[in-house]
Amino acid sequence: MVQYIQCSTVEATQLDEEWIILHTENFTVTKLNEIGGFCWGLLNQAQTVDSLVQSLSDQYVAMEEISTRDIESYLLGLLHFRLIQHVI
Amino acid sequence: MKILHTKIGDHFIQFENAPLYLFKMFRELAEANHQPDLTVTIQLDFGVPFLNDDVREDRQADRIYFRRSDYLVEVEAAFQYAEISAYDELALKHALINLYSSFIVHHGWGLLLHSSCVIENGEAHIFTGHSGAGKSTAAVLSFPRNLLSDEATILKISAGKMEVFNSPFRSEIPSGGEETVFPLGSIQVLHQSLQNQRIILPKSDSLITMIDKVFYWSNLPAHKKVILDMLVEMAKKVPIYNLFFQKDNTFWELIS
């Protein structure tokens, strides 16, 4: 199972319900909404798609369905901007 | 060419071999009995005329170099001594802005922001925006209010306090020599429009908006974190607005 974790070259800060992630080498800025920020917090330790889906289901019980595809898409976005990496 | 003692922000600066131009730009202190926070030696007739804004930052163990086609700034690592070699007066001004903005980031003291700043009812109000958005225009239209800056605002950020100092780094409107420090009341991001409207930005958008308004972003990750932390503090404490404004002074009705 592929695992993901935050890169060490980022600085993250929470402002109200949103998160701002600054990549300090590539100098990109990424804004995450509340749920994206919740997942970001989890990614300070190794996570799989399934573990994120499970944690989201536990945290946001009101959400009808958390799509694996949504989480994969979210992780792909973070990978693209080199905010997370695969755990080797 | 002689020694000039001055103050920028709350820092005492000593210029050695200062050309006459600097005596117009900076207020000379009558008494030179302060230990300078930074001593700067000036050399002119360096390099070639201005080509572009690209500055190369090169960090050695004991020195930092900022190189542009028309200037070279060499700073010792503790930021107490610096040498500036510049092609002409314009290059010297830009080199000084480069040096002072990196100096205040080095000390975690504050930021130099691309903006004008106007005093109203005891508070400082910043006007910023992309190039050509109207920073200088807003400053001119704000007359007879006093200005703290017309292109580069000196902002001190400490323990939750945001304070604006009079800036000697001017573009068109000379400094009136204001010596009082003013709390920062608001930031306006300018957009020229046919009608006036002011809309507050969410804090996350405030932070993103201000990132490219900082004069100096170090290539050192630790300094990037210092700058980011100061911007976060600013976004949390100061309301930042999109200001759509007509080119007259009526936009002040939305601020004061």
# chains A, B, ... in the order shown; residues from 1 in each chain; ligands from 1

call {"tool": "interface_residues", "arguments": {"of": "chain B", "to": "chain A", "cutoff": "8 Å", "atoms": "only C-alpha atoms", "output": "list in words"}}
result
Lys203, Ser204, Ile208, Asn219, Pro221, Lys224, Lys225, Val232 and Lys236 of chain B

call {"tool": "residues_around", "arguments": {"residues": "stretch 48-53 of chain A", "least_positions_apart": "2", "cutoff": "9 Å", "atoms": "only C-alpha atoms", "output": "PDB file with N, CA and C atoms, in the first residue's frame"}}
result
ATOM      1  N   MET A   1       0.846  -1.205   0.000  1.00  0.00           N
ATOM      2  CA  MET A   1       0.000   0.000   0.000  1.00  0.00           C
ATOM      3  C   MET A   1       0.878   1.250   0.000  1.00  0.00           C
ATOM      4  N   VAL A   2       0.627   2.170  -0.952  1.00  0.00           N
ATOM      5  CA  VAL A   2       1.459   3.369  -1.051  1.00  0.00           C
ATOM      6  C   VAL A   2       1.164   4.299   0.127  1.00  0.00           C
ATOM      7  N   GLN A   3       2.253   4.812   0.719  1.00  0.00           N
ATOM      8  CA  GLN A   3       2.087   5.758   1.834  1.00  0.00           C
ATOM      9  C   GLN A   3       2.630   7.133   1.432  1.00  0.00           C
ATOM     10  N   TYR A   4       2.038   8.142   2.018  1.00  0.00           N
ATOM     11  CA  TYR A   4       2.418   9.525   1.709  1.00  0.00           C
ATOM     12  C   TYR A   4       2.728  10.259   3.012  1.00  0.00           C
ATOM     13  N   CYS A  39      -6.745  16.822   6.434  1.00  0.00           N
ATOM     14  CA  CYS A  39      -5.897  15.760   5.859  1.00  0.00           C
ATOM     15  C   CYS A  39      -4.424  16.151   5.923  1.00  0.00           C
ATOM     16  N   LEU A  42      -2.948  15.341   9.152  1.00  0.00           N
ATOM     17  CA  LEU A  42      -2.688  13.894   9.301  1.00  0.00           C
ATOM     18  C   LEU A  42      -1.411  13.476   8.574  1.00  0.00           C
ATOM     19  N   LEU A  43      -1.108  14.199   7.500  1.00  0.00           N
ATOM     20  CA  LEU A  43       0.035  13.808   6.661  1.00  0.00           C
ATOM     21  C   LEU A  43       1.387  14.165   7.280  1.00  0.00           C
ATOM     22  N   ALA A  46       2.968   9.181   8.120  1.00  0.00           N
ATOM     23  CA  ALA A  46       2.672   8.437   6.894  1.00  0.00           C
ATOM     24  C   ALA A  46       1.196   8.037   6.858  1.00  0.00           C
ATOM     25  N   SER A  55     -10.070   8.206   8.463  1.00  0.00           N
ATOM     26  CA  SER A  55      -9.997   9.328   9.416  1.00  0.00           C
ATOM     27  C   SER A  55     -11.048  10.387   9.101  1.00  0.00           C
ATOM     28  N   LEU A  56     -11.256  10.646   7.803  1.00  0.00           N
ATOM     29  CA  LEU A  56     -12.273  11.630   7.413  1.00  0.00           C
ATOM     30  C   LEU A  56     -13.662  11.150   7.790  1.00  0.00           C
ATOM     31  N   SER A  57     -13.913   9.861   7.595  1.00  0.00           N
ATOM     32  CA  SER A  57     -15.221   9.305   7.948  1.00  0.00           C
ATOM     33  C   SER A  57     -15.474   9.433   9.443  1.00  0.00           C
ATOM     34  N   ASP A  58     -14.403   9.236  10.240  1.00  0.00           N
ATOM     35  CA  ASP A  58     -14.543   9.345  11.695  1.00  0.00           C
ATOM     36  C   ASP A  58     -14.772  10.804  12.107  1.00  0.00           C
ATOM     37  N   ILE A  66     -17.308   9.543   1.519  1.00  0.00           N
ATOM     38  CA  ILE A  66     -16.015  10.131   1.196  1.00  0.00           C
ATOM     39  C   ILE A  66     -15.401   9.276   0.098  1.00  0.00           C
ATOM     40  N   SER A  67     -15.178   9.898  -1.029  1.00  0.00           N
ATOM     41  CA  SER A  67     -14.760   9.156  -2.203  1.00  0.00           C
ATOM     42  C   SER A  67     -13.255   8.918  -2.195  1.00  0.00           C
ATOM     43  N   THR A  68     -12.875   7.677  -2.436  1.00  0.00           N
ATOM     44  CA  THR A  68     -11.461   7.339  -2.577  1.00  0.00           C
ATOM     45  C   THR A  68     -10.845   8.152  -3.713  1.00  0.00           C
ATOM     46  N   ILE A  71      -9.848  11.613  -2.592  1.00  0.00           N
ATOM     47  CA  ILE A  71      -8.608  11.609  -1.807  1.00  0.00           C
ATOM     48  C   ILE A  71      -7.408  11.410  -2.735  1.00  0.00           C
ATOM     49  N   GLU A  72      -7.545  10.519  -3.706  1.00  0.00           N
ATOM     50  CA  GLU A  72      -6.443  10.291  -4.652  1.00  0.00           C
ATOM     51  C   GLU A  72      -6.141  11.576  -5.434  1.00  0.00           C
ATOM     52  N   LEU A  75      -4.329  13.994  -3.150  1.00  0.00           N
ATOM     53  CA  LEU A  75      -2.934  13.607  -2.953  1.00  0.00           C
ATOM     54  C   LEU A  75      -2.104  13.876  -4.209  1.00  0.00           C
TER      55      LEU A  75
END

call {"tool": "residues_around", "arguments": {"residues": "stretch 77-79 of chain A", "least_positions_apart": "6", "cutoff": "10 Å", "atoms": "only C-alpha atoms", "output": "PyMOL selection string"}}
result
chain A and resi 4-7+21+30+40+71+85-86

call {"tool": "residues_around", "arguments": {"residues": "stretch 144-160 of chain B", "least_positions_apart": "2", "cutoff": "6 Å", "atoms": "only C-alpha atoms", "output": "ChimeraX atom specification"}}
result
/B:109-119,136,142,162-167,170

call {"tool": "write_last_selection", "arguments": {"atoms": "N, CA and C atoms", "output": "PDB file, in the first residue's frame"}}
result
ATOM      1  N   TRP B 109      12.810  41.888  12.384  1.00  0.00           N
ATOM      2  CA  TRP B 109      12.251  43.158  12.888  1.00  0.00           C
ATOM      3  C   TRP B 109      10.964  43.535  12.171  1.00  0.00           C
ATOM      4  N   GLY B 110      10.935  43.310  10.848  1.00  0.00           N
ATOM      5  CA  GLY B 110       9.763  43.720  10.086  1.00  0.00           C
ATOM      6  C   GLY B 110       9.974  43.529   8.604  1.00  0.00           C
ATOM      7  N   LEU B 111       9.155  44.233   7.818  1.00  0.00           N
ATOM      8  CA  LEU B 111       9.172  44.045   6.369  1.00  0.00           C
ATOM      9  C   LEU B 111       9.142  45.388   5.649  1.00  0.00           C
ATOM     10  N   LEU B 112       9.736  45.404   4.467  1.00  0.00           N
ATOM     11  CA  LEU B 112       9.589  46.530   3.555  1.00  0.00           C
ATOM     12  C   LEU B 112       8.583  46.099   2.492  1.00  0.00           C
ATOM     13  N   LEU B 113       7.518  46.870   2.348  1.00  0.00           N
ATOM     14  CA  LEU B 113       6.426  46.473   1.457  1.00  0.00           C
ATOM     15  C   LEU B 113       6.302  47.418   0.266  1.00  0.00           C
ATOM     16  N   HIS B 114       6.075  46.851  -0.920  1.00  0.00           N
ATOM     17  CA  HIS B 114       5.788  47.652  -2.112  1.00  0.00           C
ATOM     18  C   HIS B 114       4.432  48.325  -1.895  1.00  0.00           C
ATOM     19  N   SER B 115       4.427  49.562  -1.474  1.00  0.00           N
ATOM     20  CA  SER B 115       3.146  50.224  -1.186  1.00  0.00           C
ATOM     21  C   SER B 115       3.387  51.682  -0.848  1.00  0.00           C
ATOM     22  N   SER B 116       2.308  52.458  -0.915  1.00  0.00           N
ATOM     23  CA  SER B 116       2.339  53.791  -0.314  1.00  0.00           C
ATOM     24  C   SER B 116       1.589  53.702   1.013  1.00  0.00           C
ATOM     25  N   CYS B 117       1.761  54.730   1.843  1.00  0.00           N
ATOM     26  CA  CYS B 117       1.125  54.687   3.163  1.00  0.00           C
ATOM     27  C   CYS B 117       0.751  56.108   3.592  1.00  0.00           C
ATOM     28  N   VAL B 118      -0.477  56.265   4.042  1.00  0.00           N
ATOM     29  CA  VAL B 118      -1.042  57.582   4.338  1.00  0.00           C
ATOM     30  C   VAL B 118      -1.542  57.600   5.784  1.00  0.00           C
ATOM     31  N   ILE B 119      -1.356  58.755   6.456  1.00  0.00           N
ATOM     32  CA  ILE B 119      -1.815  58.900   7.841  1.00  0.00           C
ATOM     33  C   ILE B 119      -3.217  59.510   7.850  1.00  0.00           C
ATOM     34  N   SER B 136       1.038  55.171  -6.173  1.00  0.00           N
ATOM     35  CA  SER B 136       1.454  56.584  -6.105  1.00  0.00           C
ATOM     36  C   SER B 136       0.263  57.496  -6.317  1.00  0.00           C
ATOM     37  N   SER B 142      -4.479  61.575  -1.873  1.00  0.00           N
ATOM     38  CA  SER B 142      -4.751  61.645  -0.434  1.00  0.00           C
ATOM     39  C   SER B 142      -4.371  62.993   0.170  1.00  0.00           C
ATOM     40  N   MET B 162       1.734  46.241  14.927  1.00  0.00           N
ATOM     41  CA  MET B 162       2.168  46.619  13.573  1.00  0.00           C
ATOM     42  C   MET B 162       2.363  48.130  13.577  1.00  0.00           C
ATOM     43  N   GLU B 163       3.586  48.569  13.321  1.00  0.00           N
ATOM     44  CA  GLU B 163       3.866  50.011  13.355  1.00  0.00           C
ATOM     45  C   GLU B 163       4.562  50.433  12.069  1.00  0.00           C
ATOM     46  N   VAL B 164       4.150  51.583  11.561  1.00  0.00           N
ATOM     47  CA  VAL B 164       4.721  52.087  10.309  1.00  0.00           C
ATOM     48  C   VAL B 164       5.610  53.290  10.593  1.00  0.00           C
ATOM     49  N   PHE B 165       6.817  53.248  10.030  1.00  0.00           N
ATOM     50  CA  PHE B 165       7.788  54.339  10.162  1.00  0.00           C
ATOM     51  C   PHE B 165       7.824  55.142   8.869  1.00  0.00           C
ATOM     52  N   ASN B 166       8.208  56.396   8.984  1.00  0.00           N
ATOM     53  CA  ASN B 166       8.405  57.215   7.798  1.00  0.00           C
ATOM     54  C   ASN B 166       9.508  56.599   6.927  1.00  0.00           C
ATOM     55  N   SER B 167       9.260  56.520   5.634  1.00  0.00           N
ATOM     56  CA  SER B 167      10.224  55.877   4.734  1.00  0.00           C
ATOM     57  C   SER B 167      11.019  56.914   3.953  1.00  0.00           C
ATOM     58  N   ARG B 170      11.875  57.035  -1.370  1.00  0.00           N
ATOM     59  CA  ARG B 170      10.764  57.681  -2.060  1.00  0.00           C
ATOM     60  C   ARG B 170      10.921  57.602  -3.575  1.00  0.00           C
TER      61      ARG B 170
END

call {"tool": "atom_distance", "arguments": {"atom1": "atom CA of B:Ile126", "atom2": "atom CA of B:Leu22"}}
result
25.6 Å

call {"tool": "select_by_dssp", "arguments": {"residues": "stretch 87-122 of chain B", "states": "strand (DSSP E or B)", "output": "tab-separated table (two decimals) with N, CA and C atoms, in the first residue's frame"}}
result
chain	number	residue	atom	x	y	z
B	110	GLY	N	10.94	43.31	10.85
B	110	GLY	CA	9.76	43.72	10.09
B	110	GLY	C	9.97	43.53	8.60
B	111	LEU	N	9.15	44.23	7.82
B	111	LEU	CA	9.17	44.05	6.37
B	111	LEU	C	9.14	45.39	5.65
B	112	LEU	N	9.74	45.40	4.47
B	112	LEU	CA	9.59	46.53	3.55
B	112	LEU	C	8.58	46.10	2.49
B	113	LEU	N	7.52	46.87	2.35
B	113	LEU	CA	6.43	46.47	1.46
B	113	LEU	C	6.30	47.42	0.27
B	114	HIS	N	6.07	46.85	-0.92
B	114	HIS	CA	5.79	47.65	-2.11
B	114	HIS	C	4.43	48.33	-1.90
B	116	SER	N	2.31	52.46	-0.91
B	116	SER	CA	2.34	53.79	-0.31
B	116	SER	C	1.59	53.70	1.01
B	117	CYS	N	1.76	54.73	1.84
B	117	CYS	CA	1.12	54.69	3.16
B	117	CYS	C	0.75	56.11	3.59
B	118	VAL	N	-0.48	56.26	4.04
B	118	VAL	CA	-1.04	57.58	4.34
B	118	VAL	C	-1.54	57.60	5.78
B	119	ILE	N	-1.36	58.76	6.46
B	119	ILE	CA	-1.81	58.90	7.84
B	119	ILE	C	-3.22	59.51	7.85
B	120	GLU	N	-4.11	58.88	8.62
B	120	GLU	CA	-5.47	59.42	8.78
B	120	GLU	C	-5.92	59.13	10.20

call {"tool": "select_by_dssp", "arguments": {"residues": "stretch 16-59 of chain A", "states": "alpha helix (DSSP H)", "output": "NGL selection string"}}
result
:A and (34-42 or 49-59)

call {"tool": "closest_residue", "arguments": {"among": "A:Ile35, A:Arg69, A:Gly41, A:Ser8", "to": "A:Ile84", "atoms": "only C-alpha atoms"}}
result
A:Ser8

call {"tool": "closest_residue", "arguments": {"among": "B:Glu253, B:Glu172, B:Asp54, B:Glu89", "to": "B:Tyr21", "atoms": "only C-alpha atoms"}}
result
B:Glu89

call {"tool": "atom_distance", "arguments": {"atom1": "atom CA of B:Thr6", "atom2": "atom CA of B:Val181"}}
result
16.3 Å

call {"tool": "decode", "arguments": {"residues": "stretch 25-58 of chain B", "atoms": "N, CA and C atoms", "output": "tab-separated table (two decimals), in the first residue's frame"}}
result
chain	number	residue	atom	x	y	z
B	25	MET	N	18.46	62.39	0.59
B	25	MET	CA	17.55	61.25	0.79
B	25	MET	C	17.27	60.99	2.28
B	26	PHE	N	18.30	61.16	3.09
B	26	PHE	CA	18.18	60.82	4.52
B	26	PHE	C	18.35	62.06	5.38
B	27	ARG	N	17.63	62.08	6.50
B	27	ARG	CA	17.77	63.18	7.46
B	27	ARG	C	19.03	62.95	8.29
B	28	GLU	N	19.92	63.94	8.28
B	28	GLU	CA	21.17	63.80	9.03
B	28	GLU	C	20.91	64.07	10.50
B	29	LEU	N	21.38	63.15	11.35
B	29	LEU	CA	21.21	63.34	12.78
B	29	LEU	C	22.20	64.38	13.27
B	30	ALA	N	21.71	65.28	14.12
B	30	ALA	CA	22.58	66.35	14.62
B	30	ALA	C	23.69	65.78	15.49
B	31	GLU	N	23.33	64.77	16.28
B	31	GLU	CA	24.32	64.19	17.19
B	31	GLU	C	24.67	62.80	16.70
B	32	ALA	N	25.96	62.53	16.63
B	32	ALA	CA	26.41	61.23	16.11
B	32	ALA	C	26.95	60.36	17.23
B	33	ASN	N	26.29	60.44	18.41
B	33	ASN	CA	26.82	59.69	19.54
B	33	ASN	C	26.13	58.36	19.75
B	34	HIS	N	25.41	57.88	18.72
B	34	HIS	CA	24.77	56.58	18.82
B	34	HIS	C	25.67	55.51	18.19
B	35	GLN	N	25.73	54.36	18.82
B	35	GLN	CA	26.43	53.23	18.21
B	35	GLN	C	25.62	52.78	17.00
B	36	PRO	N	26.19	52.81	15.78
B	36	PRO	CA	25.37	52.43	14.62
B	36	PRO	C	24.99	50.95	14.65
B	37	ASP	N	23.74	50.67	14.26
B	37	ASP	CA	23.31	49.28	14.09
B	37	ASP	C	23.91	48.70	12.81
B	38	LEU	N	24.16	49.59	11.85
B	38	LEU	CA	24.70	49.15	10.56
B	38	LEU	C	25.58	50.26	10.00
B	39	THR	N	26.78	49.89	9.57
B	39	THR	CA	27.69	50.85	8.93
B	39	THR	C	27.84	50.45	7.47
B	40	VAL	N	27.63	51.42	6.59
B	40	VAL	CA	27.63	51.14	5.15
B	40	VAL	C	28.65	52.03	4.46
B	41	THR	N	29.58	51.42	3.74
B	41	THR	CA	30.56	52.18	2.95
B	41	THR	C	30.09	52.20	1.49
B	42	ILE	N	30.12	53.38	0.88
B	42	ILE	CA	29.59	53.55	-0.47
B	42	ILE	C	30.73	53.75	-1.49
B	43	GLN	N	30.62	53.08	-2.62
B	43	GLN	CA	31.51	53.33	-3.76
B	43	GLN	C	30.62	53.52	-4.99
B	44	LEU	N	30.93	54.50	-5.81
B	44	LEU	CA	30.17	54.69	-7.05
B	44	LEU	C	31.01	54.26	-8.26
B	45	ASP	N	30.42	54.42	-9.46
B	45	ASP	CA	31.09	54.05	-10.72
B	45	ASP	C	31.36	52.54	-10.80
B	46	PHE	N	30.38	51.76	-10.38
B	46	PHE	CA	30.50	50.29	-10.45
B	46	PHE	C	29.58	49.76	-11.54
B	47	GLY	N	30.01	48.72	-12.22
B	47	GLY	CA	29.14	47.94	-13.10
B	47	GLY	C	28.66	48.69	-14.32
B	48	VAL	N	27.47	48.28	-14.79
B	48	VAL	CA	26.89	48.83	-16.02
B	48	VAL	C	25.51	49.39	-15.68
B	49	PRO	N	24.90	50.19	-16.59
B	49	PRO	CA	23.57	50.74	-16.28
B	49	PRO	C	22.53	49.63	-16.03
B	50	PHE	N	21.42	50.05	-15.42
B	50	PHE	CA	20.33	49.13	-15.07
B	50	PHE	C	19.89	48.30	-16.28
B	51	LEU	N	19.82	46.98	-16.10
B	51	LEU	CA	19.33	46.10	-17.16
B	51	LEU	C	17.96	45.53	-16.78
B	52	ASN	N	17.88	44.93	-15.59
B	52	ASN	CA	16.60	44.37	-15.11
B	52	ASN	C	16.67	44.23	-13.59
B	53	ASP	N	15.54	43.76	-13.00
B	53	ASP	CA	15.44	43.70	-11.54
B	53	ASP	C	16.07	42.44	-10.93
B	54	ASP	N	16.66	41.59	-11.75
B	54	ASP	CA	17.18	40.32	-11.23
B	54	ASP	C	18.34	40.57	-10.26
B	55	VAL	N	18.17	40.09	-9.04
B	55	VAL	CA	19.22	40.19	-8.03
B	55	VAL	C	19.68	38.78	-7.68
B	56	ARG	N	20.98	38.56	-7.75
B	56	ARG	CA	21.52	37.25	-7.39
B	56	ARG	C	22.02	37.31	-5.95
B	57	GLU	N	21.53	36.39	-5.13
B	57	GLU	CA	21.94	36.35	-3.72
B	57	GLU	C	22.91	35.19	-3.55
B	58	ASP	N	24.06	35.49	-3.00
B	58	ASP	CA	25.09	34.46	-2.84
B	58	ASP	C	25.57	34.49	-1.39
